[in-house]
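Visitor: Have a look at this one.
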Amino acid sequence: MEILLPFLAASLVGAGVFMVLSRALIRVIIGLSLISYGINIAILLAGAGTGLAAPPLLDVEGPYVDPLPQALILTAIVIGFGTTALLLVLSLRAYQATGTDHVQELTKKPDPVEVLGSYADPERPSISPEYGPAEKRVKDNKQS
Amino acid sequence: MTAEALLILSVIAPFLGAILAPYLGRSLKARAGYPLILCFLPALFLVQYAPAARANAPLTAGFDWVPALGLSVDFRADGFSLMFALIVAAIGILILAYGAAYLGKSERHGRFFSYLLSFGGAMLGLVLTDNLIALFAFWELTSISSFLLIGFWGSRKASQDGAEKALMITALGGLALLVAVILLAIAGGTQQISTLEFATLRSSPLFIPALGFLLLAAFTKSAQLPFHLWLPTAMEAPTPVSAFLHSATMVKAGVILVAKFGFLLDWGLFSQIIMYVGLATMFWGSYLALRQNDLKALLAYSTVSQLGILMSLYGSGHAFAATAHLVNHAAFKAALFMVVGIIDHETGSRDISRLGGLRRKLPISFIIALPAALSMAGVPLLGGFISKELFYEEMFHEGFLPMLIAVTGSIMTFAYCLRFLKVFFGPLRCENPNVHEASLRLWLPAAPLSLAVIAFGILSINPLKGLVFKSDTLAVWFTNLAAPSFGYEPGHLYLWHGFNLILGLSALTWALGIGLHLFRDPFHRFQQALTPAWNNNTLYYKALAGLEHFSSWFTHKTQGASFASHLRVIVLAFALIGASVLWRYLPENLSPVPLAFWLVALLIITDIVGVLMAQNRLSAIIFAGLAGVASTLLFVLLSAPDLALTQLLIETVTIILFLSVFRFLPRLHTYVRPRSLTLIDGLISLGVAGTIFTALLAVQTPIADRIKDFYLDYSKSIGGGYNVVNVILVDFRGYDTMGEITVLSVVAVSVFALLRIAVKRAKSESNDD
Amino acid sequence: MTRHPEIVFRTLAMPVVFVMLAIGFHFFLRGHNAPGGGFIAGLIVAVTALLARMALDRRLLRLEPKTLVPIGLLIAMITGVFPMFFGDAFLKSAHGHTHWPFVGDFEWASAALFDLGVFLVVIGTTLTIIELLAEDSREENS
Amino acid sequence: MNLLSLPILLPLFSGAVLLLLPKRALRTLMALIAAILTLLVDLSILRTVLRGEVMVLQMSNWPAPWGISLVADGLTGIMLALSGLIALLTVMFASSSLAHEPRRGQSKTLNQLRERFGFQALLQFLIMGVNMSFLTGDLFNLFVAFEVMLISSYGLLLIGNELPQLREGFKYVVVNLLASAVFVVAAGMMYGLVGTLNMADISVKIAEYSSSHGADARLSLLAMMLALVFATKAAVFPLGFWLPSAYPVPVAAASAFFAALLTKVGVYSLIRTFTLLFPQEQLIHTILLVLAAFSMLVGAFGMISQSRWRHTLAFANISSIGYLLMGVFTTGSAGMTGALYYLIHTVLVIFCLFLIAALGEKIAGLKYTVEGHLNSYPWLGIAYFASALALAGIPPSSGFIAKYSLISASLRAGGTVNNWVAAAAVITGLLLLYATVEIWRGFFWGESHAVHKVVLPRGMTTTTVFSLALVISLAVFSGPIYKLAQRTAEQLMTNEAYTKAVLVEVKTPRIGDPALPTDELEEDTH
């Protein structure tokens with residue numbers, strides 16, 4: 001018991017991770033649900049141990065298992081349900097919009113860098129007059 | 001008004017003016033510059049505290065900003081600071097007047113004066129402050145406001161570039177200064193500059209790094225080799241700005257730093273380093289000034305060269321000579337810039353090769369420029385001569401090599417001064433046929449500076465005392481004002497030292513300078529031939545391009561990497577965590593496993609294999625669902641009926657969900673990973689599984705009692721229910737459930753929006769992403 | 001699909017829906033004392049409603065399921081806020097016995113009201129998602 | 001003490017009601033009122049905790065380790081006040097911007113749809129989640145709070161269904177699901193190992209155990225798991241890759257809120273975890289310190305590499321996280337003081353910059369390289385310049401004070417790691433300056449090609465001016481605010497006040513607790 005159950009939880013999580021690292025939308029989603037199965041079991045094992053006892057219903061004879069982890073997992077399951085549903089709908093939408101289920105193709109690359117333009121040269125600061133007759137030019141530049 | 005208030009006001013007033021300037025500029029246009037002169041007056045009034053400063057009882061004032069950080073804006077008008085503040089304020093006033101006449105109608109006057117005044121305020125703060133952090137703050141403020149000033153004509157690429165270059169290089173120095181002031185504050189145990197003690201600092205291991213960073217800061221700001229590249233391009237600024245920045249303010253900040261902390265720097269190799277860097281800068285600056293065709297560029301390199309002189313003098317501890325030259329340089333350089341502005345304004349050109357004989361068309365400007373240029377060249381009877389003599393004398397004491405560099409540099413200085421004056425002589429050459437003298441408003445602000453240049457020298461001859469030639473008025477007054485700050489004896493400036501080696505060297509300088517001017521064409525060809533393919537300027541742009549390139553490469557590599565590899569980082573981190581406790585907590589005796597558990601285990605393993613091997617969507621979904629059922633069974637076996645029930649129902653609903661979208665889901669493509677990646681992913685997954693596994697083993701024995709008994713004890717009596725899990729959910733930890741149903745509600749809202757707002761297809765997506 | 005199974009399905013569906021609804025409410029009411037509770041009951045009722053929708057083409061509720069969500073949320077929250085007016089903390093629970101005419105002895109708990117909120121939110125969310133998905137796919141088909 | 005539940009209940013209530021309200025004007029009004037009330041509550045909580053008091057509310061009246069406690073100490077007070085301010089400004093900005101087109105050249109129906117389909121409600125739920133995270137004193141409840149916050153952020157990120165939203169949304173959701181999975185398993189294991197979930201109780205028990213048994217690898221394991229979770233949420237290098245692509249895709253108001261607060265929740269949790277639960281895990285502190293240095297640099301390089309407003313700023317956010325963690329994990333209270341001050345500073349500045357970016361996008365589209373807008377929009381220029389200076393840490397902005405105190409604390413702490421981290425901070429300052437100047441050059445300077453001036457919506461500009469005023473007043477009132485940060489940091493250095501306040505009443509509850517009047521509840525039970 002002490003080894004088998006943690007092993008099961010761990011293998012569910014491990015398999016889930018392997019699926020998540022693949023590149024197809026559905027595999028990612030299925031992987032995530034495997035992870036959540038594994039994790040629910042893991043929390044139960046971590047908090048309540050692997051020993052056998054009565055369920056925490058007070059009309060049954062004790063000793064009871066620890067009820068708190070069960071409550072935690074319940075909350076986690078519900079939240080997990082919500083997020084899975086959202087993720088499912090989202091991936092459906094993403095698939096419809098992009099036409100690909102390849103996770104990588106959903107990713108976009110950052111902008112290419114722009115080439116550095118011409119620059120000021122200290123040996124030859126722009127000799128073009130900055131003022132006087134040039135006033136018009138400066139003015140034109142500003143107003144255009 | 002109290003003295004303290006005046007001192008604070010003298011720094012604050014320009015900033016207030018900077019805020020007001022846009023409004024004034026809107027109504028008064030360029031003339032806004034005249035009323036704004038008021039902002040520099042408080043600083044000028046500080047002159048009344050000069051006697052106190054000379055008596056080494058300087059005026060202090062200030063206010064706290066962030067006292068918990070030791071950051072207070074303290075001012076201390078000691079001799080040197082006061083002297084400098086007066087120069088800044090005086091030149092600032094002239095620049096404001098000059099700018100008011102210089103700017104055209106279509107300019108953004110308010111903005112211009114606003115930038116200019118905040119720069120002036122920052123400069124005043126920098127010289128007057130006595131707090132290390134405030135010193136840094138004002139230092140950075142000068143960088144920032146000069147950035148705006150240089151880039152005032154921001155629509156031009158060259159202006160933008162010049163501004164950015166100045167900012168980046170001075171900010172580099174600024175960061176060095178930041179480190180330096182922090183180290184000084186740590187080592188000295190105080191943030192007040194006037195209470196720093198050499199002995200305390202010297203004993204600290206941080207002393208040498210602090211000095212190193214301090215020097216780096218000073219060199220960048222004062223455009224010393226090899227950081228001088230920003231100064232010439234800063235000429236892209238409007239000329240009034242150049243006149244302000246490069247005569248008395250911005251570029252002198254580094255010199256101020258060396259002067260203020262001179263008592264620390266005069267130690268070991270440091271003074272030698274500063275002196276040689278300064279001399280090299282002086283030499284190289286005048287060498288480059290000689291080859292310029294643009295009047296402004298010529299002045300820019302001449303500024304580099306003059307800063308070299310100041311730096312070497314302060315660095316080698318000759319504060320008296322340095323201060324004398326500093327005063328002179330401020331006057332003649334500001335005047336020269338203003339004249340260049342006038343020439344540019346009237347002729348429409350600054351190109352030396354296209355100008356000539358302007359003496360006839362611009363007589364007043366010529367009169368203003370002549371003494372200033374000659375003073376820069378070091379011609380006798382003018383202020384520049386006196387301080388150059390002092391420079392020679394000090395370098396003579398330093399040794400042969402410094403002497404040699406100083407003299408060669410000065411020869412070239414002499415030559416480029418003549419070259420500058422060339423535009424006034426010879427036949428008239430000018431592209432603008434209607435060239436005429438500038439208006440009174442334009443040349444008048446330059447005139448006092450030229451007068452000062454003359455006054456520093458000639459006016460001080462005292463005819464009654466014969467040939468003493470003791471120049472004992474304005475310049476001396478200024479120079480001696482700084483005396484208490486450096487601890488030198490108030491001295492005299494002599495026009496005449498008698499026939500000695502120094503005078504001989506000066507004569508040699510003049511002769512060779514004239515010679516160089518006459519043979520400037522071959523020299524120019526020589527310079528052209530020697531021009532290397534790259535210099536520190538190209539290096540700067542290479543570095544910037546390299547930075548851009550690296551940033552984009554790096555970001556591309558990290559951000560643009562595949563999503564899966566991003567996820568790999570997270571799970572890998574998780575996998576690595578497991579290694580820390582791997583196998584340490586194996587339970588000692590294992591309890592037997594009932595048959596039911598074996599069966600569930602078998603089911604789970606089968607499902608896992610099934611999911612991993614699945615070739616189509618349906619089987620993958622079914623195997624995953626079965627894994628859910630298996631975990632339900634496990635919950636039953638582990639006495640968690642609520643969990644089992646919930647999990648089963650959720651499984652049902654999820655399957656319904658999957659099936660209702662089933663037709664629209666993509667097929668289960670097997671995008672083949674490269675074999676190495678499969679291996680890596682497999683290993684990572686194993687690592688994650690290992691972490692979960694070991695962690696589960698490790699936490700089975702708690703370090704403290706678990707709090708479960710409370711729930712079992714009070715669930716019925718206070719909670720009112722037999723099902724402890726449910727009581728926990730709605731009562732003990734009902735707040736969690738509150739959050740949980742909020743999550744569900746948000747899911748409903750989000751899904752509703754996702755499904756009801758129409759999806760644009762990729763094809764029709766506008767191209768702006 | 002031929003007509004016959006569909007008719008069978010329809011005839012069977014009606015009683016199934018009622019039985020399931022009963023089960024759902026049963027689970028809801030006994031939640032405090034035995035496995036069950038608002039969440040489980042909510043899921044059961046939601047599945048039932050789907051069944052009714054698919055087999056009988058009839059909605060169990062006039063309301064759009066989306067509206068149930070904020071209502072449930074508000075019920076749960078206000079139950080929690082109520083004790084605050086008496087100087088107690090948020091979500092302070094109370095329970096006891098009371099005697100109603102015709103109903104007899106009744107054991108109540110404020111937690112049940114809170115659970116009602118949970119119940120409604122779960123129904124609302126589940127139905128919203130699935131009904132919308134069904135609609136979405138119908139539109140795609142047409 | 002019920003005051004503590006209001007920052008959560010008010011947004012929850014208004015979020016639920018917003019879903020029921022039929023008219024746009026009503027919804028806007030409701031959202032604004034809720035945000036204002038929440039801010040007032042937040043400020044009054046801040047006022048109380050600034051007296052050095054630790055406020056505690058035991059939810060459902062259950063005593064500390066068994067029920068869930070809401071706790072507010074100085075740190076919580078600061079975070080709440082920030083969240084209240086940012087929330088109000090976001091609601092203001094959103095209600096104005098959602099009435100207009102998202103950015104130049106797009107139709108405005110999309111934004112109207114967003115509003116109709118619950119944008120404001122999602123925002124309220126997000127605020128609730130954020131406040132819940134700050135207030136909770138329970139590890140598992142922190143997980144729930146994170147989920148409320150994250151699920152709302154998914155909703156806000158996705159609402160509108162634009163292609164980039166769907167694309168980046170998927171990645172964002174998957175990453176956060178993974179992190180949440182680690183979080184929940186860590187919380188479960190924490191219960192298994194320490195036997196309690198109340199953070200004060202955990203702190204006491206770990207301290208007791210450590211003092212008698214010394215270091216324990218199992219505790220380090222849990223600490224590392226939590227560090228992994230929170231570092232991922234805080235977008236610390238190399239776990240922060242999800243941020244720069246995700247934050248720019250939603251509506252600008254949502255982006256701004258995300259950037260200002262969501263990552264800070266991760267940082268907040270890191271601070272709590274490593275001051276309260278695991279102050280002794282020095283190795284992890286050092287690891288995070290090194291990662292902080294990398295985050296700063298990577299963020300700055302990222303900024304330089306981008307040319308779109310919000311992408312650039314998203315990287316600025318990563319850089320600021322680096323600075324924050326540098327302070328948090330520098331030994332001693334000086335570093336923490338700097339970090340807290342920096343926290344206030346960076347929340348306000350990043351938020352303000354995002355608003356400016358939104359206006360910039362309205363004027364010229366996603367990229368800031370469309371030059372020449374200074375003359376047409378001088379006020380925008382001033383706003384950008386002031387906040388960019390603050391971002392780059394140039395005096396006299398608050399950024400300078402923050403940067404100075406962080407670097408100074410780091411150099412004072414000494415040691416090789418600290419010195420290198422300080423060096424990284426200094427270099428990052430230069431890079432940030434370069435990046436912000438590039439935006440200035442790209443957008444404000446240069447030749448203007450604009451044909452006509454875009455009229456910016458009143459509400460958007462007003463909100464931007466407000467947030468700019470906050471940025472500036474932070475610099476002006478640096479003295480008292482720094483003092484506040486200092487006091488809070490000292491409070492964080494010792495956990496005694498916190499744990500004492502939470503664990504004060506460990507007596508068992510009496511059976512005959514006053515019950516609610518029966519008649520109000522009867523009708524509803526059937």
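Identifiers in the structure tokens: chain A, B, ... in order shown; residue index from 1 per chain; ligand index from 1 in order shown.
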With a distance threshold of 9 Å and counting only C-alpha atoms, extract the residues of chain C near chain A and express them as a list in words.

Guide: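 Listed by rising number, the hits are Asn33, Ala34, Pro35, Phe39, Thr125, Thr126, Ile129 and Leu133 of chain C.
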
Visitor: Could you write those residues out with N, CA, C and O atoms, as an mmCIF file, in the first residue's frame?

Guide:
```cif
data_model
loop_
_atom_site.group_PDB
_atom_site.id
_atom_site.type_symbol
_atom_site.label_atom_id
_atom_site.label_comp_id
_atom_site.auth_asym_id
_atom_site.auth_seq_id
_atom_site.Cartn_x
_atom_site.Cartn_y
_atom_site.Cartn_z
ATOM 1 N N ASN C 33 -25.663 15.114 5.974
ATOM 2 C CA ASN C 33 -25.518 13.945 6.835
ATOM 3 C C ASN C 33 -24.991 12.709 6.133
ATOM 4 O O ASN C 33 -24.518 11.789 6.780
ATOM 5 N N ALA C 34 -25.105 12.669 4.840
ATOM 6 C CA ALA C 34 -24.605 11.521 4.099
ATOM 7 C C ALA C 34 -23.979 12.050 2.814
ATOM 8 O O ALA C 34 -24.162 13.221 2.488
ATOM 9 N N PRO C 35 -23.262 11.201 2.104
ATOM 10 C CA PRO C 35 -22.649 11.683 0.865
ATOM 11 C C PRO C 35 -23.677 12.380 -0.019
ATOM 12 O O PRO C 35 -24.784 11.885 -0.199
ATOM 13 N N PHE C 39 -23.281 20.341 -4.609
ATOM 14 C CA PHE C 39 -22.527 20.157 -5.836
ATOM 15 C C PHE C 39 -22.962 18.905 -6.581
ATOM 16 O O PHE C 39 -23.258 18.932 -7.777
ATOM 17 N N THR C 125 -23.926 26.704 -14.448
ATOM 18 C CA THR C 125 -22.687 26.613 -15.217
ATOM 19 C C THR C 125 -22.711 25.425 -16.166
ATOM 20 O O THR C 125 -22.426 25.562 -17.365
ATOM 21 N N THR C 126 -23.049 24.275 -15.639
ATOM 22 C CA THR C 126 -23.003 23.082 -16.466
ATOM 23 C C THR C 126 -23.934 23.231 -17.670
ATOM 24 O O THR C 126 -23.547 22.942 -18.817
ATOM 25 N N ILE C 129 -22.696 25.748 -20.335
ATOM 26 C CA ILE C 129 -21.628 25.251 -21.204
ATOM 27 C C ILE C 129 -22.195 24.276 -22.223
ATOM 28 O O ILE C 129 -21.997 24.423 -23.438
ATOM 29 N N LEU C 133 -22.689 24.795 -26.264
ATOM 30 C CA LEU C 133 -21.888 23.990 -27.189
ATOM 31 C C LEU C 133 -22.800 23.298 -28.182
ATOM 32 O O LEU C 133 -22.496 23.234 -29.384
#
```

Visitor: Tell me, as a list in words, which residues lie within 6 Å of segment 346-351 of chain D, counting only C-alpha atoms; anything in the same chain fewer than 3 positions away does not count.

Guide: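 Near segment 346-351 of chain D, the qualifying residues are Ala256, Ala260, Tyr342, Leu343, Phe354, Ser387 and Val471 of chain D.
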
Visitor: Keeping C-alpha atoms for every residue in the selection just given, could you write it to a file as an mmCIF file, in the first residue's frame?

Guide:
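Below is the file result_26.cif, written as the result:
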```
data_model
loop_
_atom_site.group_PDB
_atom_site.id
_atom_site.type_symbol
_atom_site.label_atom_id
_atom_site.label_comp_id
_atom_site.auth_asym_id
_atom_site.auth_seq_id
_atom_site.Cartn_x
_atom_site.Cartn_y
_atom_site.Cartn_z
ATOM 1 C CA ALA D 256 -2.853 47.201 -17.400
ATOM 2 C CA ALA D 260 0.218 45.982 -12.408
ATOM 3 C CA TYR D 342 9.758 49.265 -5.247
ATOM 4 C CA LEU D 343 6.554 47.245 -5.158
ATOM 5 C CA PHE D 354 0.126 50.571 -19.867
ATOM 6 C CA SER D 387 6.697 57.483 -16.032
ATOM 7 C CA VAL D 471 3.249 58.175 -9.878
#
```

Visitor: For Leu126 of chain B, which residue among B:Val255, B:Gly99, B:Leu214, B:Ala187 is the nearest when counting only C-alpha atoms?

Guide: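 Answer, going by the shortest atom-to-atom distance: B:Val255.
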
Visitor: Show me, as a count of residues only, the residues that have an atom within 7 Å of segment 291-293 of chain B when counting only C-alpha atoms, minus same-chain residues fewer than 6 positions from it.

Guide: 4

Visitor: I want to know what sits within 10 Å of Phe90 of chain C, based on only C-alpha atoms, with residues of the same chain fewer than 2 positions away left out; could you give that as a PyMOL selection string?

Guide: (chain B and resi 734-735) or (chain C and resi 77-85+87-88+92-93) or (chain D and resi 2+4-6+9+57-61)

Visitor: Please provide as a PyMOL selection string all residues within 12 Å of Ala620 of chain B, with the sequence filter that same-chain residues fewer than 5 positions apart are discarded (counting only C-alpha atoms).

Guide: (chain A and resi 19+26-31+33-34) or (chain B and resi 607-615+625-627+655+658+667-669)

Visitor: Could you write out the selected residues, including N, CA and C atoms, as an mmCIF file, in the first residue's frame?

Guide:
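Output below, filename selection31.cif:
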```cif
data_model
loop_
_atom_site.group_PDB
_atom_site.id
_atom_site.type_symbol
_atom_site.label_atom_id
_atom_site.label_comp_id
_atom_site.auth_asym_id
_atom_site.auth_seq_id
_atom_site.Cartn_x
_atom_site.Cartn_y
_atom_site.Cartn_z
ATOM 1 N N MET A 19 2.038 13.645 -21.980
ATOM 2 C CA MET A 19 1.034 14.057 -22.967
ATOM 3 C C MET A 19 1.041 15.574 -23.166
ATOM 4 N N ILE A 26 -5.493 18.146 -28.320
ATOM 5 C CA ILE A 26 -6.274 17.197 -27.528
ATOM 6 C C ILE A 26 -5.394 16.457 -26.541
ATOM 7 N N ARG A 27 -4.213 16.105 -27.002
ATOM 8 C CA ARG A 27 -3.306 15.411 -26.078
ATOM 9 C C ARG A 27 -3.014 16.277 -24.864
ATOM 10 N N VAL A 28 -2.836 17.552 -25.110
ATOM 11 C CA VAL A 28 -2.559 18.445 -23.977
ATOM 12 C C VAL A 28 -3.721 18.411 -22.996
ATOM 13 N N ILE A 29 -4.938 18.480 -23.530
ATOM 14 C CA ILE A 29 -6.099 18.502 -22.634
ATOM 15 C C ILE A 29 -6.220 17.187 -21.871
ATOM 16 N N ILE A 30 -6.065 16.079 -22.606
ATOM 17 C CA ILE A 30 -6.157 14.782 -21.936
ATOM 18 C C ILE A 30 -5.042 14.643 -20.908
ATOM 19 N N GLY A 31 -3.877 15.117 -21.280
ATOM 20 C CA GLY A 31 -2.764 15.066 -20.339
ATOM 21 C C GLY A 31 -3.085 15.813 -19.058
ATOM 22 N N SER A 33 -5.983 16.313 -17.797
ATOM 23 C CA SER A 33 -6.945 15.632 -16.919
ATOM 24 C C SER A 33 -6.279 14.446 -16.230
ATOM 25 N N LEU A 34 -5.351 13.776 -16.915
ATOM 26 C CA LEU A 34 -4.607 12.705 -16.228
ATOM 27 C C LEU A 34 -3.857 13.269 -15.024
ATOM 28 N N ASP B 607 -5.006 1.972 -18.434
ATOM 29 C CA ASP B 607 -5.500 3.220 -19.011
ATOM 30 C C ASP B 607 -4.363 4.124 -19.427
ATOM 31 N N ILE B 608 -3.376 4.204 -18.567
ATOM 32 C CA ILE B 608 -2.238 5.077 -18.900
ATOM 33 C C ILE B 608 -1.605 4.627 -20.201
ATOM 34 N N VAL B 609 -1.359 3.302 -20.281
ATOM 35 C CA VAL B 609 -0.760 2.782 -21.513
ATOM 36 C C VAL B 609 -1.690 3.057 -22.683
ATOM 37 N N GLY B 610 -3.007 2.850 -22.433
ATOM 38 C CA GLY B 610 -3.981 3.075 -23.497
ATOM 39 C C GLY B 610 -3.953 4.508 -23.990
ATOM 40 N N VAL B 611 -3.923 5.442 -23.062
ATOM 41 C CA VAL B 611 -3.912 6.852 -23.464
ATOM 42 C C VAL B 611 -2.646 7.172 -24.239
ATOM 43 N N LEU B 612 -1.535 6.674 -23.746
ATOM 44 C CA LEU B 612 -0.265 6.996 -24.407
ATOM 45 C C LEU B 612 -0.199 6.391 -25.802
ATOM 46 N N MET B 613 -0.822 5.240 -25.953
ATOM 47 C CA MET B 613 -0.724 4.560 -27.239
ATOM 48 C C MET B 613 -1.838 4.955 -28.198
ATOM 49 N N ALA B 614 -2.874 5.642 -27.693
ATOM 50 C CA ALA B 614 -4.079 5.855 -28.496
ATOM 51 C C ALA B 614 -3.755 6.500 -29.831
ATOM 52 N N GLN B 615 -4.410 5.971 -30.874
ATOM 53 C CA GLN B 615 -4.167 6.503 -32.196
ATOM 54 C C GLN B 615 -5.322 7.378 -32.680
ATOM 55 N N GLY B 625 -11.149 8.676 -19.696
ATOM 56 C CA GLY B 625 -12.341 8.564 -18.865
ATOM 57 C C GLY B 625 -12.248 7.368 -17.943
ATOM 58 N N LEU B 626 -11.717 6.260 -18.476
ATOM 59 C CA LEU B 626 -11.574 5.066 -17.646
ATOM 60 C C LEU B 626 -10.608 5.313 -16.496
ATOM 61 N N ALA B 627 -9.581 6.089 -16.780
ATOM 62 C CA ALA B 627 -8.656 6.418 -15.697
ATOM 63 C C ALA B 627 -9.403 7.190 -14.607
ATOM 64 N N ILE B 655 -17.461 13.740 -20.089
ATOM 65 C CA ILE B 655 -17.612 12.926 -21.296
ATOM 66 C C ILE B 655 -18.692 13.532 -22.194
ATOM 67 N N PHE B 658 -17.136 16.398 -23.922
ATOM 68 C CA PHE B 658 -16.242 15.979 -25.000
ATOM 69 C C PHE B 658 -17.048 15.523 -26.198
ATOM 70 N N ARG B 667 -8.673 15.831 -35.352
ATOM 71 C CA ARG B 667 -8.283 14.435 -35.203
ATOM 72 C C ARG B 667 -7.014 14.379 -34.360
ATOM 73 N N LEU B 668 -6.782 13.204 -33.824
ATOM 74 C CA LEU B 668 -5.639 13.072 -32.927
ATOM 75 C C LEU B 668 -4.379 12.877 -33.745
ATOM 76 N N HIS B 669 -3.860 13.983 -34.207
ATOM 77 C CA HIS B 669 -2.637 13.862 -34.994
ATOM 78 C C HIS B 669 -1.508 13.427 -34.093
#
```

Visitor: Counting only C-alpha atoms, collect the residues of chain D whose closest atom lies at most 8 Å from chain A, and write them out as a list in words.

Guide: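 The contacting residues on chain D are Phe140, Glu147, Ile151, Leu163, Leu166, Arg167, Glu168, Gly169, Phe170, Val173, Leu177, Leu178, Ala181, Val184, Val185, Gly188, Met189, Tyr191, Gly192, Leu193, Gly195, Ser305, Gln306, Ser307, Glu447, Ser448 and His449 of chain D.
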
Visitor: Separation of atom CA of Ser295 of chain D and atom CA of Ala234 of chain D, in Å?

Guide: 10.6 Å

Visitor: For Val118 of chain C, please output as a ChimeraX atom specification all residues within 7 Å (counting only C-alpha atoms; exclusion window: fewer than 4 positions along the same chain).

Guide: /B:741 /C:38-39,72,76,114,122

Visitor: Convert the current residue selection to file output with N, CA, C and O atoms, as a PDB file, in the first residue's frame.

Guide:
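Saved as selection11.pdb:
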```
ATOM      1  N   ILE B 741     -17.414  28.272  -6.012  1.00  0.00           N
ATOM      2  CA  ILE B 741     -18.547  28.555  -6.890  1.00  0.00           C
ATOM      3  C   ILE B 741     -18.321  29.841  -7.670  1.00  0.00           C
ATOM      4  O   ILE B 741     -18.836  30.002  -8.774  1.00  0.00           O
TER       5      ILE B 741
ATOM      6  N   GLY C  38     -24.853  20.062  -2.304  1.00  0.00           N
ATOM      7  CA  GLY C  38     -25.246  20.931  -3.400  1.00  0.00           C
ATOM      8  C   GLY C  38     -24.527  20.633  -4.694  1.00  0.00           C
ATOM      9  O   GLY C  38     -25.134  20.628  -5.762  1.00  0.00           O
ATOM     10  N   PHE C  39     -23.281  20.341  -4.609  1.00  0.00           N
ATOM     11  CA  PHE C  39     -22.527  20.157  -5.836  1.00  0.00           C
ATOM     12  C   PHE C  39     -22.962  18.905  -6.581  1.00  0.00           C
ATOM     13  O   PHE C  39     -23.258  18.932  -7.777  1.00  0.00           O
ATOM     14  N   GLY C  72     -27.516  32.066  -7.858  1.00  0.00           N
ATOM     15  CA  GLY C  72     -26.952  31.130  -6.889  1.00  0.00           C
ATOM     16  C   GLY C  72     -25.822  31.765  -6.101  1.00  0.00           C
ATOM     17  O   GLY C  72     -25.735  31.638  -4.868  1.00  0.00           O
ATOM     18  N   ALA C  76     -25.798  32.247  -2.010  1.00  0.00           N
ATOM     19  CA  ALA C  76     -24.733  31.746  -1.140  1.00  0.00           C
ATOM     20  C   ALA C  76     -24.082  32.879  -0.382  1.00  0.00           C
ATOM     21  O   ALA C  76     -23.826  32.801   0.824  1.00  0.00           O
ATOM     22  N   PHE C 114     -26.807  27.897   2.015  1.00  0.00           N
ATOM     23  CA  PHE C 114     -25.539  28.102   1.315  1.00  0.00           C
ATOM     24  C   PHE C 114     -25.383  27.057   0.226  1.00  0.00           C
ATOM     25  O   PHE C 114     -25.009  27.357  -0.912  1.00  0.00           O
ATOM     26  N   VAL C 122     -23.926  25.413  -9.846  1.00  0.00           N
ATOM     27  CA  VAL C 122     -23.467  24.232 -10.586  1.00  0.00           C
ATOM     28  C   VAL C 122     -24.409  23.946 -11.749  1.00  0.00           C
ATOM     29  O   VAL C 122     -23.963  23.729 -12.881  1.00  0.00           O
TER      30      VAL C 122
END
```

Visitor: Return the single residue from B:Ala3, B:Ala43, B:Ala322, B:Leu638 that is closest to Val600 of chain B, with distances computed using only C-alpha atoms.

Guide: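 Checking each of B:Ala3, B:Ala43, B:Ala322, B:Leu638 against Val600 of chain B, counting only C-alpha atoms, the winner is B:Leu638.
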
Visitor: Please identify all polymer residues within 7 Å of Pro6 of chain A, counting only C-alpha atoms, omitting same-chain residues fewer than 4 positions from it, and present them as a PyMOL selection string.

Guide: (chain A and resi 2+10+42) or (chain B and resi 693+696)

Visitor: Write out as a list in words every residue belonging to chain B that has an atom at most 6 Å from any atom of chain D, counting only C-alpha atoms.

Guide: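 Going by the stated atoms only, the list reads Trp65, Val66, Ala137, Gly154, Ser155, Ile182, Ser551, Ser552, Thr555, Gln559, Val699, Pro702, Ile703, Ala704, Asp705, Arg706, Ile707, Phe732, Arg733, Asp736, Val743, Ser750, Ala753 and Val759 of chain B.
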